[in-house]
Amino acid sequence: MIILSVLYVIAIVAESMTAALAAGRRSMDWVGVCLLGCITALGGGSVRDILLDHHPLSWIAHPHYLVITTVAALATIALARVMHRLHHLFLFLDAVGLVVFTIIGCNVALELNLPLMVVIISGMITGCVGGVLRDILCNDIPLLFRSELYASVSIVTGLLYVAGLHLGLTHELVMSIALLSGLTLRMLALRFKWNMPKFIYNRDEH
């Protein structure tokens, strides 16, 4: 669990910094940058906890998460001139964040003894909703609703994690398999531009 905690901190830093860049593209002030960073990094877990009636919320139980994400957002302002050179690194860290958040979300639902479907959805909400909130606040179509493999990666990660636990495998092994599989799938999807089928309807009926 120590590794998962370290990866979680890395993930919320990366998510906050990518959100800060999105805020910069929308010419938000520094307060907006910090708020968007915190919402993106911690929003998925907060929505999950509210829906599952799981209290206290993660950032209330651990206020230093707010400090970490705020500092990360402010650091992005200072490092804005060189951030474009780190594009591929942030794509990788975003993928790490997706699978780490998914596993954490599954764990929360498992601790509450919720049904399998709810466990998987809990993981997906934790992994994806922060980005949805970011895109909505930036007036963009959320990545979750585009054809790119994102939510599906979260679902696969959650299924592998839960299946491994039900098979009685050790937690460390199950976590490693789910992390590596989800991360590999996401990176391959980015590399080869794998997409889900699109629904295109442009004929108006009168």
# chains A, B, ... in the order shown; residues from 1 in each chain; ligands from 1

$ residues_around --residues "Tyr8 (chain A)" --least-positions-apart "4" --cutoff "9 Å" --atoms "only C-alpha atoms" --output "mmCIF file with N, CA, C and O atoms, in the first residue's frame"
data_model
loop_
_atom_site.group_PDB
_atom_site.id
_atom_site.type_symbol
_atom_site.label_atom_id
_atom_site.label_comp_id
_atom_site.auth_asym_id
_atom_site.auth_seq_id
_atom_site.Cartn_x
_atom_site.Cartn_y
_atom_site.Cartn_z
ATOM 1 N N ILE A 3 3.455 1.763 -1.885
ATOM 2 C CA ILE A 3 3.682 2.081 -3.295
ATOM 3 C C ILE A 3 2.460 2.772 -3.875
ATOM 4 O O ILE A 3 2.573 3.765 -4.610
ATOM 5 N N LEU A 4 1.267 2.280 -3.530
ATOM 6 C CA LEU A 4 0.036 2.881 -4.030
ATOM 7 C C LEU A 4 -0.107 4.319 -3.529
ATOM 8 O O LEU A 4 -0.536 5.201 -4.273
ATOM 9 N N ILE A 12 -1.796 12.856 -8.293
ATOM 10 C CA ILE A 12 -2.539 14.099 -8.060
ATOM 11 C C ILE A 12 -1.693 15.322 -8.420
ATOM 12 O O ILE A 12 -2.230 16.348 -8.848
ATOM 13 N N VAL A 13 -0.368 15.215 -8.280
ATOM 14 C CA VAL A 13 0.509 16.312 -8.717
ATOM 15 C C VAL A 13 0.408 16.469 -10.230
ATOM 16 O O VAL A 13 0.240 17.586 -10.753
ATOM 17 N N VAL A 96 -0.821 6.791 -15.458
ATOM 18 C CA VAL A 96 -0.569 6.266 -14.117
ATOM 19 C C VAL A 96 -1.701 6.684 -13.179
ATOM 20 O O VAL A 96 -2.225 5.874 -12.408
ATOM 21 N N GLY A 97 -2.060 7.963 -13.249
ATOM 22 C CA GLY A 97 -3.136 8.468 -12.399
ATOM 23 C C GLY A 97 -4.446 7.742 -12.642
ATOM 24 O O GLY A 97 -5.164 7.398 -11.694
ATOM 25 N N VAL A 100 -4.170 4.192 -11.065
ATOM 26 C CA VAL A 100 -4.040 4.275 -9.604
ATOM 27 C C VAL A 100 -5.353 4.716 -8.974
ATOM 28 O O VAL A 100 -5.823 4.124 -7.989
ATOM 29 N N PHE A 101 -5.976 5.754 -9.526
ATOM 30 C CA PHE A 101 -7.254 6.218 -9.008
ATOM 31 C C PHE A 101 -8.310 5.116 -9.112
ATOM 32 O O PHE A 101 -9.154 4.965 -8.220
ATOM 33 N N ILE A 104 -7.778 2.569 -6.317
ATOM 34 C CA ILE A 104 -8.173 3.154 -5.035
ATOM 35 C C ILE A 104 -9.690 3.204 -4.924
ATOM 36 O O ILE A 104 -10.273 2.896 -3.871
#

$ closest_atom_pairs --of "region 52-113 of chain A" --to "region 166-174 of chain A" --cutoff "12 Å" --atoms "only C-alpha atoms" --output "tab-separated table"
residue	atom	partner	partner_atom	distance
A:Ile103	CA	A:Val174	CA	10.3
A:Asn107	CA	A:His171	CA	11.0
A:Leu110	CA	A:His166	CA	11.3

$ write_last_selection --atoms "all heavy atoms" --output "PDB file, in the first residue's frame"
ATOM      1  N   ILE A 103      -7.908   1.822  -9.022  1.00  0.00           N
ATOM      2  CA  ILE A 103      -7.693   0.801  -7.984  1.00  0.00           C
ATOM      3  C   ILE A 103      -8.113   1.322  -6.611  1.00  0.00           C
ATOM      4  O   ILE A 103      -8.751   0.611  -5.824  1.00  0.00           O
ATOM      5  CB  ILE A 103      -6.220   0.359  -7.984  1.00  0.00           C
ATOM      6  CG1 ILE A 103      -5.917  -0.447  -9.244  1.00  0.00           C
ATOM      7  CG2 ILE A 103      -5.894  -0.472  -6.732  1.00  0.00           C
ATOM      8  CD1 ILE A 103      -4.461  -0.811  -9.419  1.00  0.00           C
ATOM      9  N   ASN A 107     -11.038  -0.165  -4.162  1.00  0.00           N
ATOM     10  CA  ASN A 107     -10.777  -0.522  -2.762  1.00  0.00           C
ATOM     11  C   ASN A 107     -11.814   0.071  -1.821  1.00  0.00           C
ATOM     12  O   ASN A 107     -12.268  -0.586  -0.879  1.00  0.00           O
ATOM     13  CB  ASN A 107      -9.379  -0.057  -2.345  1.00  0.00           C
ATOM     14  CG  ASN A 107      -8.288  -1.014  -2.768  1.00  0.00           C
ATOM     15  OD1 ASN A 107      -8.528  -2.206  -2.939  1.00  0.00           O
ATOM     16  ND2 ASN A 107      -7.088  -0.509  -2.953  1.00  0.00           N
ATOM     17  N   LEU A 110     -14.956  -1.911  -2.161  1.00  0.00           N
ATOM     18  CA  LEU A 110     -14.781  -3.246  -1.584  1.00  0.00           C
ATOM     19  C   LEU A 110     -14.853  -3.206  -0.064  1.00  0.00           C
ATOM     20  O   LEU A 110     -15.430  -4.098   0.570  1.00  0.00           O
ATOM     21  CB  LEU A 110     -13.436  -3.833  -2.032  1.00  0.00           C
ATOM     22  CG  LEU A 110     -13.348  -4.311  -3.480  1.00  0.00           C
ATOM     23  CD1 LEU A 110     -11.911  -4.641  -3.853  1.00  0.00           C
ATOM     24  CD2 LEU A 110     -14.251  -5.522  -3.716  1.00  0.00           C
TER      25      LEU A 110
END

$ residues_around --residues "region 37-53 of chain A" --least-positions-apart "6" --cutoff "9 Å" --atoms "only C-alpha atoms" --output "mmCIF file with all heavy atoms, in the first residue's frame"
data_model
loop_
_atom_site.group_PDB
_atom_site.id
_atom_site.type_symbol
_atom_site.label_atom_id
_atom_site.label_comp_id
_atom_site.auth_asym_id
_atom_site.auth_seq_id
_atom_site.Cartn_x
_atom_site.Cartn_y
_atom_site.Cartn_z
ATOM 1 N N ALA A 11 0.338 11.029 -8.884
ATOM 2 C CA ALA A 11 -0.792 11.192 -9.790
ATOM 3 C C ALA A 11 -1.535 12.504 -9.555
ATOM 4 O O ALA A 11 -1.878 13.210 -10.514
ATOM 5 C CB ALA A 11 -1.759 10.012 -9.629
ATOM 6 N N ILE A 12 -1.796 12.856 -8.293
ATOM 7 C CA ILE A 12 -2.539 14.099 -8.060
ATOM 8 C C ILE A 12 -1.693 15.322 -8.420
ATOM 9 O O ILE A 12 -2.230 16.348 -8.848
ATOM 10 C CB ILE A 12 -3.063 14.206 -6.606
ATOM 11 C CG1 ILE A 12 -1.918 14.213 -5.575
ATOM 12 C CG2 ILE A 12 -4.058 13.108 -6.313
ATOM 13 C CD1 ILE A 12 -2.407 14.453 -4.146
ATOM 14 N N VAL A 13 -0.368 15.215 -8.280
ATOM 15 C CA VAL A 13 0.509 16.312 -8.717
ATOM 16 C C VAL A 13 0.408 16.469 -10.230
ATOM 17 O O VAL A 13 0.240 17.586 -10.753
ATOM 18 C CB VAL A 13 1.970 16.045 -8.299
ATOM 19 C CG1 VAL A 13 2.913 17.013 -9.022
ATOM 20 C CG2 VAL A 13 2.132 16.200 -6.794
ATOM 21 N N ALA A 14 0.497 15.362 -10.956
ATOM 22 C CA ALA A 14 0.428 15.417 -12.418
ATOM 23 C C ALA A 14 -0.929 15.926 -12.887
ATOM 24 O O ALA A 14 -1.010 16.757 -13.804
ATOM 25 C CB ALA A 14 0.700 14.029 -12.998
ATOM 26 N N GLU A 15 -2.008 15.434 -12.258
ATOM 27 C CA GLU A 15 -3.350 15.868 -12.654
ATOM 28 C C GLU A 15 -3.545 17.357 -12.383
ATOM 29 O O GLU A 15 -4.152 18.072 -13.189
ATOM 30 C CB GLU A 15 -4.410 15.050 -11.901
ATOM 31 C CG GLU A 15 -4.437 13.577 -12.249
ATOM 32 C CD GLU A 15 -4.806 13.325 -13.693
ATOM 33 O OE1 GLU A 15 -5.630 14.072 -14.245
ATOM 34 O OE2 GLU A 15 -4.262 12.374 -14.285
ATOM 35 N N SER A 16 -3.033 17.837 -11.271
ATOM 36 C CA SER A 16 -3.146 19.248 -10.942
ATOM 37 C C SER A 16 -2.381 20.110 -11.939
ATOM 38 O O SER A 16 -2.857 21.173 -12.365
ATOM 39 C CB SER A 16 -2.635 19.504 -9.522
ATOM 40 O OG SER A 16 -2.755 20.862 -9.183
ATOM 41 N N MET A 17 -1.209 19.639 -12.351
ATOM 42 C CA MET A 17 -0.395 20.417 -13.286
ATOM 43 C C MET A 17 -1.009 20.447 -14.688
ATOM 44 O O MET A 17 -0.999 21.490 -15.350
ATOM 45 C CB MET A 17 1.023 19.843 -13.330
ATOM 46 C CG MET A 17 1.766 19.984 -12.011
ATOM 47 S SD MET A 17 3.477 19.415 -12.037
ATOM 48 C CE MET A 17 4.295 20.861 -12.727
ATOM 49 N N THR A 18 -1.560 19.322 -15.129
ATOM 50 C CA THR A 18 -2.211 19.324 -16.439
ATOM 51 C C THR A 18 -3.466 20.203 -16.416
ATOM 52 O O THR A 18 -3.783 20.877 -17.401
ATOM 53 C CB THR A 18 -2.580 17.899 -16.877
ATOM 54 O OG1 THR A 18 -3.368 17.265 -15.860
ATOM 55 C CG2 THR A 18 -1.334 17.064 -17.108
ATOM 56 N N ALA A 19 -4.163 20.201 -15.281
ATOM 57 C CA ALA A 19 -5.338 21.067 -15.144
ATOM 58 C C ALA A 19 -4.930 22.536 -15.137
ATOM 59 O O ALA A 19 -5.629 23.391 -15.706
ATOM 60 C CB ALA A 19 -6.094 20.730 -13.862
ATOM 61 N N ALA A 20 -3.792 22.835 -14.516
ATOM 62 C CA ALA A 20 -3.304 24.216 -14.500
ATOM 63 C C ALA A 20 -3.000 24.698 -15.914
ATOM 64 O O ALA A 20 -3.272 25.851 -16.268
ATOM 65 C CB ALA A 20 -2.059 24.310 -13.623
ATOM 66 N N ALA A 23 -6.197 25.509 -17.497
ATOM 67 C CA ALA A 23 -6.666 26.800 -16.991
ATOM 68 C C ALA A 23 -5.938 27.945 -17.686
ATOM 69 O O ALA A 23 -6.527 28.986 -18.005
ATOM 70 C CB ALA A 23 -6.456 26.873 -15.482
ATOM 71 N N TRP A 59 -9.869 14.570 0.881
ATOM 72 C CA TRP A 59 -9.122 15.801 1.150
ATOM 73 C C TRP A 59 -9.497 16.432 2.481
ATOM 74 O O TRP A 59 -8.763 17.290 2.993
ATOM 75 C CB TRP A 59 -9.308 16.807 0.016
ATOM 76 C CG TRP A 59 -10.739 17.165 -0.292
ATOM 77 C CD1 TRP A 59 -11.584 16.555 -1.177
ATOM 78 C CD2 TRP A 59 -11.508 18.236 0.283
ATOM 79 N NE1 TRP A 59 -12.816 17.168 -1.188
ATOM 80 C CE2 TRP A 59 -12.792 18.206 -0.317
ATOM 81 C CE3 TRP A 59 -11.224 19.210 1.239
ATOM 82 C CZ2 TRP A 59 -13.796 19.104 0.025
ATOM 83 C CZ3 TRP A 59 -12.224 20.117 1.568
ATOM 84 C CH2 TRP A 59 -13.487 20.055 0.961
ATOM 85 N N TYR A 65 -3.424 17.008 1.007
ATOM 86 C CA TYR A 65 -3.637 16.790 -0.430
ATOM 87 C C TYR A 65 -3.963 18.112 -1.124
ATOM 88 O O TYR A 65 -3.544 18.339 -2.266
ATOM 89 C CB TYR A 65 -4.779 15.800 -0.659
ATOM 90 C CG TYR A 65 -4.469 14.375 -0.272
ATOM 91 C CD1 TYR A 65 -5.491 13.442 -0.069
ATOM 92 C CD2 TYR A 65 -3.155 13.923 -0.110
ATOM 93 C CE1 TYR A 65 -5.223 12.125 0.282
ATOM 94 C CE2 TYR A 65 -2.881 12.611 0.250
ATOM 95 C CZ TYR A 65 -3.917 11.726 0.446
ATOM 96 O OH TYR A 65 -3.641 10.428 0.806
ATOM 97 N N LEU A 66 -4.722 18.958 -0.442
ATOM 98 C CA LEU A 66 -5.043 20.276 -1.008
ATOM 99 C C LEU A 66 -3.787 21.122 -1.151
ATOM 100 O O LEU A 66 -3.616 21.843 -2.138
ATOM 101 C CB LEU A 66 -6.062 20.998 -0.126
ATOM 102 C CG LEU A 66 -7.506 20.491 -0.160
ATOM 103 C CD1 LEU A 66 -8.342 21.228 0.875
ATOM 104 C CD2 LEU A 66 -8.111 20.658 -1.541
ATOM 105 N N VAL A 67 -2.914 21.034 -0.163
ATOM 106 C CA VAL A 67 -1.653 21.783 -0.219
ATOM 107 C C VAL A 67 -0.808 21.291 -1.388
ATOM 108 O O VAL A 67 -0.268 22.087 -2.169
ATOM 109 C CB VAL A 67 -0.874 21.637 1.101
ATOM 110 C CG1 VAL A 67 0.469 22.347 1.000
ATOM 111 C CG2 VAL A 67 -1.683 22.197 2.273
ATOM 112 N N ILE A 68 -0.715 19.976 -1.538
ATOM 113 C CA ILE A 68 0.095 19.389 -2.603
ATOM 114 C C ILE A 68 -0.417 19.810 -3.972
ATOM 115 O O ILE A 68 0.355 20.236 -4.847
ATOM 116 C CB ILE A 68 0.104 17.852 -2.493
ATOM 117 C CG1 ILE A 68 0.865 17.415 -1.239
ATOM 118 C CG2 ILE A 68 0.724 17.213 -3.737
ATOM 119 C CD1 ILE A 68 0.751 15.932 -0.939
ATOM 120 N N THR A 69 -1.729 19.712 -4.189
ATOM 121 C CA THR A 69 -2.286 20.039 -5.498
ATOM 122 C C THR A 69 -2.216 21.537 -5.782
ATOM 123 O O THR A 69 -1.989 21.953 -6.922
ATOM 124 C CB THR A 69 -3.744 19.553 -5.608
ATOM 125 O OG1 THR A 69 -4.502 20.015 -4.476
ATOM 126 C CG2 THR A 69 -3.802 18.039 -5.631
ATOM 127 N N THR A 70 -2.379 22.355 -4.738
ATOM 128 C CA THR A 70 -2.272 23.803 -4.930
ATOM 129 C C THR A 70 -0.846 24.199 -5.294
ATOM 130 O O THR A 70 -0.620 24.997 -6.221
ATOM 131 C CB THR A 70 -2.707 24.546 -3.653
ATOM 132 O OG1 THR A 70 -4.079 24.236 -3.358
ATOM 133 C CG2 THR A 70 -2.564 26.052 -3.826
ATOM 134 N N ALA A 72 1.370 22.309 -6.685
ATOM 135 C CA ALA A 72 1.633 21.795 -8.032
ATOM 136 C C ALA A 72 1.068 22.729 -9.092
ATOM 137 O O ALA A 72 1.720 22.993 -10.124
ATOM 138 C CB ALA A 72 1.029 20.411 -8.186
ATOM 139 N N ALA A 73 -0.126 23.256 -8.854
ATOM 140 C CA ALA A 73 -0.735 24.174 -9.812
ATOM 141 C C ALA A 73 0.067 25.473 -9.916
ATOM 142 O O ALA A 73 0.314 25.991 -11.015
ATOM 143 C CB ALA A 73 -2.173 24.473 -9.399
ATOM 144 N N PHE A 101 -5.976 5.754 -9.526
ATOM 145 C CA PHE A 101 -7.254 6.218 -9.008
ATOM 146 C C PHE A 101 -8.310 5.116 -9.112
ATOM 147 O O PHE A 101 -9.154 4.965 -8.220
ATOM 148 C CB PHE A 101 -7.739 7.447 -9.782
ATOM 149 C CG PHE A 101 -6.914 8.686 -9.542
ATOM 150 C CD1 PHE A 101 -6.946 9.736 -10.445
ATOM 151 C CD2 PHE A 101 -6.110 8.818 -8.428
ATOM 152 C CE1 PHE A 101 -6.202 10.882 -10.241
ATOM 153 C CE2 PHE A 101 -5.357 9.952 -8.205
ATOM 154 C CZ PHE A 101 -5.401 10.995 -9.121
ATOM 155 N N ILE A 104 -7.778 2.569 -6.317
ATOM 156 C CA ILE A 104 -8.173 3.154 -5.035
ATOM 157 C C ILE A 104 -9.690 3.204 -4.924
ATOM 158 O O ILE A 104 -10.273 2.896 -3.871
ATOM 159 C CB ILE A 104 -7.563 4.560 -4.877
ATOM 160 C CG1 ILE A 104 -6.045 4.452 -4.685
ATOM 161 C CG2 ILE A 104 -8.198 5.308 -3.699
ATOM 162 C CD1 ILE A 104 -5.327 5.779 -4.673
ATOM 163 N N GLY A 105 -10.358 3.593 -6.008
ATOM 164 C CA GLY A 105 -11.821 3.646 -6.003
ATOM 165 C C GLY A 105 -12.437 2.276 -5.796
ATOM 166 O O GLY A 105 -13.432 2.131 -5.066
ATOM 167 N N VAL A 108 -12.185 1.320 -2.067
ATOM 168 C CA VAL A 108 -13.180 1.980 -1.213
ATOM 169 C C VAL A 108 -14.500 1.219 -1.256
ATOM 170 O O VAL A 108 -15.113 0.943 -0.222
ATOM 171 C CB VAL A 108 -13.385 3.449 -1.648
ATOM 172 C CG1 VAL A 108 -14.583 4.062 -0.915
ATOM 173 C CG2 VAL A 108 -12.132 4.266 -1.357
ATOM 174 N N ALA A 109 -14.936 0.858 -2.467
ATOM 175 C CA ALA A 109 -16.203 0.138 -2.602
ATOM 176 C C ALA A 109 -16.109 -1.267 -2.014
ATOM 177 O O ALA A 109 -17.070 -1.763 -1.417
ATOM 178 C CB ALA A 109 -16.595 0.075 -4.080
ATOM 179 N N LEU A 112 -16.599 -1.299 1.620
ATOM 180 C CA LEU A 112 -18.002 -1.085 1.995
ATOM 181 C C LEU A 112 -18.866 -2.291 1.640
ATOM 182 O O LEU A 112 -20.086 -2.251 1.817
ATOM 183 C CB LEU A 112 -18.537 0.169 1.277
ATOM 184 C CG LEU A 112 -17.875 1.501 1.659
ATOM 185 C CD1 LEU A 112 -18.389 2.630 0.779
ATOM 186 C CD2 LEU A 112 -18.114 1.831 3.137
ATOM 187 N N SER A 122 -17.260 2.462 -9.145
ATOM 188 C CA SER A 122 -16.552 3.296 -8.183
ATOM 189 C C SER A 122 -15.139 3.581 -8.658
ATOM 190 O O SER A 122 -14.638 4.713 -8.559
ATOM 191 C CB SER A 122 -16.527 2.607 -6.817
ATOM 192 O OG SER A 122 -15.732 3.319 -5.894
ATOM 193 N N GLY A 123 -14.478 2.554 -9.193
ATOM 194 C CA GLY A 123 -13.143 2.743 -9.730
ATOM 195 C C GLY A 123 -13.139 3.692 -10.915
ATOM 196 O O GLY A 123 -12.268 4.563 -11.025
ATOM 197 N N MET A 124 -14.113 3.532 -11.803
ATOM 198 C CA MET A 124 -14.177 4.387 -12.986
ATOM 199 C C MET A 124 -14.458 5.837 -12.619
ATOM 200 O O MET A 124 -13.866 6.768 -13.183
ATOM 201 C CB MET A 124 -15.255 3.883 -13.943
ATOM 202 C CG MET A 124 -15.273 4.628 -15.282
ATOM 203 S SD MET A 124 -16.528 4.004 -16.422
ATOM 204 C CE MET A 124 -18.041 4.483 -15.578
ATOM 205 N N ILE A 125 -15.360 6.045 -11.668
ATOM 206 C CA ILE A 125 -15.663 7.408 -11.218
ATOM 207 C C ILE A 125 -14.406 8.062 -10.646
ATOM 208 O O ILE A 125 -14.083 9.210 -10.968
ATOM 209 C CB ILE A 125 -16.790 7.391 -10.159
ATOM 210 C CG1 ILE A 125 -18.125 7.051 -10.819
ATOM 211 C CG2 ILE A 125 -16.882 8.738 -9.437
ATOM 212 C CD1 ILE A 125 -19.254 6.831 -9.837
ATOM 213 N N THR A 126 -13.691 7.326 -9.821
ATOM 214 C CA THR A 126 -12.482 7.868 -9.209
ATOM 215 C C THR A 126 -11.435 8.205 -10.263
ATOM 216 O O THR A 126 -10.755 9.224 -10.175
ATOM 217 C CB THR A 126 -11.888 6.857 -8.206
ATOM 218 O OG1 THR A 126 -12.912 6.406 -7.326
ATOM 219 C CG2 THR A 126 -10.780 7.503 -7.380
ATOM 220 N N GLY A 127 -11.324 7.346 -11.280
ATOM 221 C CA GLY A 127 -10.311 7.553 -12.298
ATOM 222 C C GLY A 127 -10.643 8.619 -13.319
ATOM 223 O O GLY A 127 -9.734 9.272 -13.841
ATOM 224 N N CYS A 128 -11.936 8.808 -13.601
ATOM 225 C CA CYS A 128 -12.316 9.622 -14.759
ATOM 226 C C CYS A 128 -13.013 10.942 -14.450
ATOM 227 O O CYS A 128 -12.912 11.892 -15.248
ATOM 228 C CB CYS A 128 -13.224 8.807 -15.676
ATOM 229 S SG CYS A 128 -12.506 7.270 -16.285
ATOM 230 N N VAL A 129 -13.725 11.019 -13.347
ATOM 231 C CA VAL A 129 -14.605 12.170 -13.130
ATOM 232 C C VAL A 129 -13.836 13.476 -12.903
ATOM 233 O O VAL A 129 -14.297 14.550 -13.288
ATOM 234 C CB VAL A 129 -15.586 11.901 -11.964
ATOM 235 C CG1 VAL A 129 -16.296 13.175 -11.519
ATOM 236 C CG2 VAL A 129 -16.608 10.863 -12.396
ATOM 237 N N GLY A 130 -12.633 13.398 -12.310
ATOM 238 C CA GLY A 130 -11.843 14.622 -12.143
ATOM 239 C C GLY A 130 -11.573 15.287 -13.479
ATOM 240 O O GLY A 130 -11.710 16.509 -13.624
ATOM 241 N N GLY A 131 -11.217 14.486 -14.485
ATOM 242 C CA GLY A 131 -10.994 15.023 -15.821
ATOM 243 C C GLY A 131 -12.260 15.560 -16.452
ATOM 244 O O GLY A 131 -12.235 16.555 -17.185
ATOM 245 N N VAL A 132 -13.386 14.907 -16.172
ATOM 246 C CA VAL A 132 -14.670 15.388 -16.686
ATOM 247 C C VAL A 132 -14.989 16.773 -16.117
ATOM 248 O O VAL A 132 -15.394 17.691 -16.846
ATOM 249 C CB VAL A 132 -15.805 14.405 -16.339
ATOM 250 C CG1 VAL A 132 -17.168 15.000 -16.698
ATOM 251 C CG2 VAL A 132 -15.606 13.084 -17.070
ATOM 252 N N LEU A 133 -14.792 16.922 -14.813
ATOM 253 C CA LEU A 133 -15.033 18.222 -14.175
ATOM 254 C C LEU A 133 -14.124 19.296 -14.761
ATOM 255 O O LEU A 133 -14.553 20.431 -15.014
ATOM 256 C CB LEU A 133 -14.815 18.108 -12.664
ATOM 257 C CG LEU A 133 -15.792 17.193 -11.914
ATOM 258 C CD1 LEU A 133 -15.358 17.046 -10.456
ATOM 259 C CD2 LEU A 133 -17.210 17.739 -11.998
ATOM 260 N N ARG A 134 -12.854 18.945 -14.990
ATOM 261 C CA ARG A 134 -11.912 19.893 -15.603
ATOM 262 C C ARG A 134 -12.403 20.339 -16.975
ATOM 263 O O ARG A 134 -12.444 21.540 -17.272
ATOM 264 C CB ARG A 134 -10.550 19.233 -15.745
ATOM 265 C CG ARG A 134 -9.503 20.074 -16.478
ATOM 266 C CD ARG A 134 -8.373 19.206 -16.982
ATOM 267 N NE ARG A 134 -8.864 18.219 -17.947
ATOM 268 C CZ ARG A 134 -8.379 16.990 -18.070
ATOM 269 N NH1 ARG A 134 -7.404 16.559 -17.296
ATOM 270 N NH2 ARG A 134 -8.891 16.159 -18.981
#

$ residues_around --residues "Leu116 (chain A)" --least-positions-apart "3" --cutoff "10 Å" --atoms "only C-alpha atoms" --output "list in words"
Cys106, Ala109, Leu110, Asn113, Val119, Ile120, Ile121, Ser122, Gly158, Leu159, Val162 and Ala163 of chain A

$ closest_residue --among "A:Gly32, A:Pro197, A:Gly182, A:Pro115" --to "Ser154 (chain A)" --atoms "only C-alpha atoms"
A:Gly182

$ residues_around --residues "Leu185 (chain A)" --least-positions-apart "5" --cutoff "12 Å" --atoms "only C-alpha atoms" --output "list in words"
Phe92, Ala95, Val96, Leu98, Val99, Glu148, Leu149, Tyr150, Ala151, Ser152, Val153, Ser154, Ile155, Val156, Thr157, Ile177, Ala178, Leu179, Leu180, Leu190, Arg191, Phe192, Lys193, Trp194 and Asn195 of chain A

$ write_last_selection --atoms "N, CA and C atoms" --output "CSV table (one decimal), in the first residue's frame"
chain,number,residue,atom,x,y,z
A,92,PHE,N,2.1,10.0,-19.8
A,92,PHE,CA,2.4,8.8,-19.0
A,92,PHE,C,1.9,8.9,-17.6
A,95,ALA,N,-1.8,8.6,-17.4
A,95,ALA,CA,-2.1,7.2,-17.5
A,95,ALA,C,-1.9,6.5,-16.1
A,96,VAL,N,-0.8,6.8,-15.5
A,96,VAL,CA,-0.6,6.3,-14.1
A,96,VAL,C,-1.7,6.7,-13.2
A,98,LEU,N,-4.8,7.5,-13.9
A,98,LEU,CA,-6.0,6.8,-14.2
A,98,LEU,C,-6.1,5.4,-13.6
A,99,VAL,N,-5.0,4.6,-13.7
A,99,VAL,CA,-5.1,3.3,-13.1
A,99,VAL,C,-5.0,3.3,-11.6
A,148,GLU,N,-11.8,8.2,-27.6
A,148,GLU,CA,-10.5,7.7,-27.1
A,148,GLU,C,-10.6,6.7,-26.0
A,149,LEU,N,-9.8,5.7,-25.9
A,149,LEU,CA,-9.8,4.7,-24.8
A,149,LEU,C,-9.4,5.3,-23.5
A,150,TYR,N,-10.4,5.6,-22.7
A,150,TYR,CA,-10.0,6.2,-21.4
A,150,TYR,C,-10.9,5.5,-20.3
A,151,ALA,N,-12.2,5.7,-20.3
A,151,ALA,CA,-13.1,5.0,-19.4
A,151,ALA,C,-12.9,3.5,-19.5
A,152,SER,N,-12.8,3.0,-20.7
A,152,SER,CA,-12.6,1.6,-21.0
A,152,SER,C,-11.4,1.0,-20.3
A,153,VAL,N,-10.3,1.8,-20.3
A,153,VAL,CA,-9.1,1.4,-19.6
A,153,VAL,C,-9.3,1.3,-18.1
A,154,SER,N,-10.1,2.2,-17.6
A,154,SER,CA,-10.4,2.1,-16.2
A,154,SER,C,-11.2,0.9,-15.8
A,155,ILE,N,-12.2,0.6,-16.7
A,155,ILE,CA,-13.0,-0.6,-16.5
A,155,ILE,C,-12.2,-1.9,-16.5
A,156,VAL,N,-11.3,-2.0,-17.5
A,156,VAL,CA,-10.5,-3.2,-17.6
A,156,VAL,C,-9.6,-3.3,-16.4
A,157,THR,N,-9.0,-2.2,-16.0
A,157,THR,CA,-8.2,-2.2,-14.8
A,157,THR,C,-8.9,-2.7,-13.5
A,177,ILE,N,-0.5,-6.5,-11.4
A,177,ILE,CA,-1.1,-6.9,-12.7
A,177,ILE,C,-2.0,-5.9,-13.2
A,178,ALA,N,-2.9,-5.4,-12.3
A,178,ALA,CA,-3.9,-4.4,-12.8
A,178,ALA,C,-3.2,-3.1,-13.2
A,179,LEU,N,-2.2,-2.6,-12.4
A,179,LEU,CA,-1.5,-1.4,-12.7
A,179,LEU,C,-0.8,-1.5,-14.1
A,180,LEU,N,0.0,-2.6,-14.3
A,180,LEU,CA,0.8,-2.7,-15.5
A,180,LEU,C,-0.1,-2.9,-16.7
A,190,LEU,N,-2.8,5.3,-26.8
A,190,LEU,CA,-2.2,6.6,-27.2
A,190,LEU,C,-1.3,6.5,-28.4
A,191,ARG,N,-0.4,5.5,-28.3
A,191,ARG,CA,0.6,5.3,-29.4
A,191,ARG,C,0.0,4.9,-30.7
A,192,PHE,N,-1.0,4.1,-30.7
A,192,PHE,CA,-1.6,3.6,-32.0
A,192,PHE,C,-3.0,4.2,-32.3
A,193,LYS,N,-3.3,5.2,-31.4
A,193,LYS,CA,-4.6,5.9,-31.6
A,193,LYS,C,-5.8,5.0,-31.7
A,194,TRP,N,-5.8,4.0,-30.7
A,194,TRP,CA,-7.0,3.1,-30.7
A,194,TRP,C,-8.2,3.9,-30.1
A,195,ASN,N,-9.3,3.7,-30.8
A,195,ASN,CA,-10.5,4.5,-30.4
A,195,ASN,C,-11.7,3.5,-30.3

$ atom_distance --atom1 "CA of Leu35 (chain A)" --atom2 "CA of Phe145 (chain A)"
23.0 Å

$ residues_around --residues "Met83 (chain A)" --least-positions-apart "4" --cutoff "12 Å" --atoms "only C-alpha atoms" --output "list in words"
Ala14, Met17, Thr18, Ala20, Leu21, Ala22, Gly24, Ala75, Thr76, Ile77, Ala78, Leu79, His87, His88, Leu89 and Phe90 of chain A
